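See below for the structure under consideration.
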Amino acid sequence: MGSRRLTTRAGSVLALAVALPLALAPQASAAQKVCAGGPLMGGKTTTVSTLADQKITIKVHNHDYRGLALSIRDVKWKKTLWKGVVAPGKDKKVSTSVFGEPPIGYKIAFDVTSNLSNNYTYAISSIKCY
């Protein structure tokens, strides 16, 4: 009877030893939600305003079979976040953050210099959208 009690207690201690570090480990970041999204027109500038948390992720997708030349700018802070070409069928992700209390008003401009297609999309996501 005594050895069975020892085995049960050892099993409980082992389970606690495994569970405790998992419970105290830093939690994975929360999933982001899309705050704004839509099509991008070729040869035009699309400006989008959204209210979000301190950090946003901007994703542009090229659905066309030709390259997409564009620049992504933060209009409010007068900063170019990225400038270049997105390959056919590929994504480009950039992120930016602002120190302050949410909600934060973002104003992002997409300057599309490719004018052969309108087959491009964007999505602005954050942990919390307002």
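Just so we're on the same page: first chain in the structure tokens is A, next is B, and so on; residues restart at 1 for each chain, and ligands are numbered from 1 in the order they show up.
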Problem set entry | Spatial neighbours of Lys128 (chain A), max dist 10 Å, only C-alpha atoms, sep filter under 4 positions, as a list of chain:residue names |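 The neighbour list is A:Ala30, A:Ala31, A:Gln32, A:Lys33, A:Val34, A:Cys35, A:Leu51, A:Ala52, A:Asp53, A:Gln54, A:Lys55, A:Ile56, A:Pro102, A:Pro103.
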Exercise. Any idea what's packed within 8 Å of Val112 (chain A), counting only C-alpha atoms, ignoring anything in its chain fewer than 2 positions away? Could you give it as number ranges by chain?
Worked result: A: 40-45, 68-71, 110, 114-115
Exercise. What lies within 10 Å of Asp64 (chain A) using only C-alpha atoms, ignoring chain neighbours under 5 positions off, as a PyMOL selection string?
Worked result: chain A and resi 87-90+116-120
For the selection just defined, write its residues with N, CA, C and O atoms to a file, as a compact mmCIF listing (two decimals), in the first residue's frame.
# COMPACT_ATOMS: atom_id res chain seq x y z
N ALA A 87 6.46 40.98 -56.22
CA ALA A 87 6.45 40.00 -57.30
C ALA A 87 5.04 39.47 -57.56
O ALA A 87 4.18 39.51 -56.66
N PRO A 88 4.79 38.97 -58.75
CA PRO A 88 3.47 38.41 -59.07
C PRO A 88 3.07 37.30 -58.08
O PRO A 88 3.87 36.42 -57.78
N GLY A 89 1.85 37.39 -57.57
CA GLY A 89 1.33 36.38 -56.66
C GLY A 89 1.88 36.44 -55.25
O GLY A 89 1.60 35.56 -54.44
N LYS A 90 2.65 37.44 -54.92
CA LYS A 90 3.31 37.52 -53.61
C LYS A 90 2.71 38.62 -52.74
O LYS A 90 1.97 39.47 -53.20
N LEU A 116 -0.88 49.03 -65.20
CA LEU A 116 -1.39 48.06 -66.17
C LEU A 116 -2.49 47.18 -65.61
O LEU A 116 -3.11 46.42 -66.34
N SER A 117 -2.75 47.27 -64.30
CA SER A 117 -3.73 46.38 -63.69
C SER A 117 -4.34 47.04 -62.45
O SER A 117 -3.78 47.98 -61.90
N ASN A 118 -5.48 46.52 -62.04
CA ASN A 118 -6.11 46.91 -60.78
C ASN A 118 -6.26 45.68 -59.89
O ASN A 118 -7.13 45.63 -59.03
N ASN A 119 -5.41 44.72 -60.08
CA ASN A 119 -5.53 43.43 -59.42
C ASN A 119 -4.64 43.35 -58.18
O ASN A 119 -3.84 42.43 -58.03
N TYR A 120 -4.77 44.35 -57.28
CA TYR A 120 -3.97 44.42 -56.07
C TYR A 120 -4.91 44.67 -54.88
O TYR A 120 -5.93 45.33 -55.03
For this session: Rank nothing, just name the residue among A:Ile72, A:Ile127, A:Ile104, A:Val85 nearest to Lys59 (chain A), using only C-alpha atoms.
Result: A:Ile72
Exercise. From the list A:Thr47, A:Gly105, A:Thr113, A:Asp91, which residue is nearest Cys129 (chain A) when using only C-alpha atoms?
Worked result: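 Of A:Thr47, A:Gly105, A:Thr113, A:Asp91, the one nearest Cys129 (chain A) is A:Gly105, counting only C-alpha atoms.
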Exercise. So what do you get for CA of Gly100 (chain A) versus CA of Lys83 (chain A), distance-wise?
Worked result: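 Separating CA of Gly100 (chain A) from CA of Lys83 (chain A) is a distance of 26.3 Å.
If you measure from each of A:Tyr130, A:Thr121, A:Lys79, A:Tyr65 to Ser97 (chain A) using only C-alpha atoms, the closest one turns out to be A:Lys79.
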Exercise. Running DSSP on the backbone, which parts of region 47-90 of chain A land in strand (DSSP E or B), as number ranges by chain?
Worked result: A: 47-52, 55-62, 68-74, 79-86
Put those residues in a file: N, CA, C and O atoms, as a CSV table (one decimal), in the first residue's frame.
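Final output, again_33.csv:
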chain,number,residue,atom,x,y,z
A,47,THR,N,-5.6,56.4,-50.1
A,47,THR,CA,-5.3,56.8,-48.8
A,47,THR,C,-6.3,56.2,-47.9
A,47,THR,O,-7.5,56.4,-48.1
A,48,VAL,N,-5.9,55.6,-46.8
A,48,VAL,CA,-6.8,54.9,-45.9
A,48,VAL,C,-6.6,55.4,-44.5
A,48,VAL,O,-5.5,55.5,-44.0
A,49,SER,N,-7.7,55.7,-43.8
A,49,SER,CA,-7.6,56.1,-42.4
A,49,SER,C,-8.3,55.0,-41.5
A,49,SER,O,-9.3,54.4,-41.9
A,50,THR,N,-7.7,54.6,-40.4
A,50,THR,CA,-8.2,53.6,-39.5
A,50,THR,C,-7.8,53.9,-38.1
A,50,THR,O,-6.8,54.6,-37.9
A,51,LEU,N,-8.6,53.5,-37.1
A,51,LEU,CA,-8.3,53.6,-35.7
A,51,LEU,C,-7.9,52.2,-35.2
A,51,LEU,O,-8.7,51.2,-35.4
A,52,ALA,N,-6.8,52.1,-34.6
A,52,ALA,CA,-6.3,50.8,-34.2
A,52,ALA,C,-5.4,50.9,-32.9
A,52,ALA,O,-5.3,52.0,-32.3
A,55,LYS,N,0.2,49.1,-32.6
A,55,LYS,CA,1.0,48.5,-33.7
A,55,LYS,C,0.0,48.0,-34.7
A,55,LYS,O,-1.0,47.4,-34.4
A,56,ILE,N,0.4,48.3,-36.0
A,56,ILE,CA,-0.4,47.8,-37.1
A,56,ILE,C,0.5,47.1,-38.1
A,56,ILE,O,1.7,47.4,-38.1
A,57,THR,N,-0.1,46.1,-38.8
A,57,THR,CA,0.6,45.4,-39.8
A,57,THR,C,-0.1,45.7,-41.1
A,57,THR,O,-1.3,45.6,-41.2
A,58,ILE,N,0.6,46.1,-42.2
A,58,ILE,CA,0.1,46.4,-43.5
A,58,ILE,C,0.5,45.3,-44.4
A,58,ILE,O,1.7,45.0,-44.6
A,59,LYS,N,-0.4,44.7,-45.1
A,59,LYS,CA,-0.1,43.7,-46.1
A,59,LYS,C,-0.7,44.0,-47.4
A,59,LYS,O,-1.9,44.4,-47.5
A,60,VAL,N,0.1,44.0,-48.5
A,60,VAL,CA,-0.3,44.2,-49.8
A,60,VAL,C,-0.1,42.9,-50.6
A,60,VAL,O,1.0,42.3,-50.5
A,61,HIS,N,-1.1,42.6,-51.4
A,61,HIS,CA,-1.0,41.3,-52.2
A,61,HIS,C,-1.1,41.7,-53.7
A,61,HIS,O,-2.0,42.4,-54.1
A,62,ASN,N,-0.2,41.1,-54.5
A,62,ASN,CA,-0.3,41.3,-55.9
A,62,ASN,C,-0.9,40.1,-56.6
A,62,ASN,O,-0.3,39.0,-56.6
A,68,LEU,N,4.2,44.6,-59.1
A,68,LEU,CA,3.5,45.7,-58.6
A,68,LEU,C,4.5,46.7,-57.9
A,68,LEU,O,5.2,46.3,-57.0
A,69,ALA,N,4.6,47.9,-58.5
A,69,ALA,CA,5.5,48.9,-58.0
A,69,ALA,C,4.7,49.9,-57.2
A,69,ALA,O,3.8,50.4,-57.7
A,70,LEU,N,5.1,50.0,-55.9
A,70,LEU,CA,4.4,50.9,-55.0
A,70,LEU,C,5.2,51.4,-53.9
A,70,LEU,O,6.3,50.8,-53.6
A,71,SER,N,4.7,52.4,-53.2
A,71,SER,CA,5.3,52.8,-51.9
A,71,SER,C,4.2,52.9,-50.9
A,71,SER,O,3.1,53.3,-51.3
A,72,ILE,N,4.5,52.6,-49.7
A,72,ILE,CA,3.6,52.6,-48.6
A,72,ILE,C,4.1,53.7,-47.6
A,72,ILE,O,5.2,53.7,-47.2
A,73,ARG,N,3.2,54.7,-47.4
A,73,ARG,CA,3.6,55.9,-46.6
A,73,ARG,C,2.7,56.1,-45.4
A,73,ARG,O,1.5,55.8,-45.5
A,74,ASP,N,3.2,56.5,-44.3
A,74,ASP,CA,2.5,56.9,-43.1
A,74,ASP,C,2.3,58.4,-43.3
A,74,ASP,O,3.2,59.2,-43.1
A,79,LYS,N,6.3,59.6,-43.1
A,79,LYS,CA,7.3,58.6,-43.2
A,79,LYS,C,7.0,57.5,-44.2
A,79,LYS,O,5.9,57.0,-44.3
A,80,THR,N,8.0,57.2,-45.1
A,80,THR,CA,7.8,56.1,-46.0
A,80,THR,C,8.1,54.8,-45.3
A,80,THR,O,9.2,54.6,-44.7
A,81,LEU,N,7.2,53.9,-45.3
A,81,LEU,CA,7.3,52.6,-44.6
A,81,LEU,C,8.0,51.6,-45.5
A,81,LEU,O,8.7,50.7,-45.0
A,82,TRP,N,7.7,51.7,-46.8
A,82,TRP,CA,8.3,50.7,-47.7
A,82,TRP,C,8.2,51.2,-49.1
A,82,TRP,O,7.1,51.8,-49.5
A,83,LYS,N,9.2,51.0,-50.0
A,83,LYS,CA,9.1,51.3,-51.4
A,83,LYS,C,9.8,50.2,-52.2
A,83,LYS,O,10.9,49.8,-51.8
A,84,GLY,N,9.1,49.7,-53.2
A,84,GLY,CA,9.7,48.7,-54.0
A,84,GLY,C,8.7,48.0,-54.9
A,84,GLY,O,7.7,48.5,-55.2
A,85,VAL,N,9.0,46.7,-55.3
A,85,VAL,CA,8.2,46.0,-56.2
A,85,VAL,C,7.8,44.7,-55.5
A,85,VAL,O,8.6,44.0,-54.9
A,86,VAL,N,6.5,44.3,-55.6
A,86,VAL,CA,6.0,43.1,-55.1
A,86,VAL,C,5.8,42.1,-56.3
A,86,VAL,O,5.2,42.5,-57.3
For this session: Tell me which of A:Trp77, A:Thr46, A:Pro39, A:Ile124 sits closest to His63 (chain A), counting only C-alpha atoms.
Result: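 With only C-alpha atoms as the atom set, the closest residue is A:Pro39.
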Exercise. When you draw a straight line from CA of Ile108 (chain A) to CA of Lys76 (chain A), how long is it in Å?
Worked result: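 For CA of Ile108 (chain A) relative to CA of Lys76 (chain A), the distance reads 7.8 Å.
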For this session: Go ahead and compute the interatomic distance for CA of Gly38 (chain A) and CA of Glu101 (chain A), in Å to one decimal.
Result: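 These atoms are spaced 26.8 Å apart.
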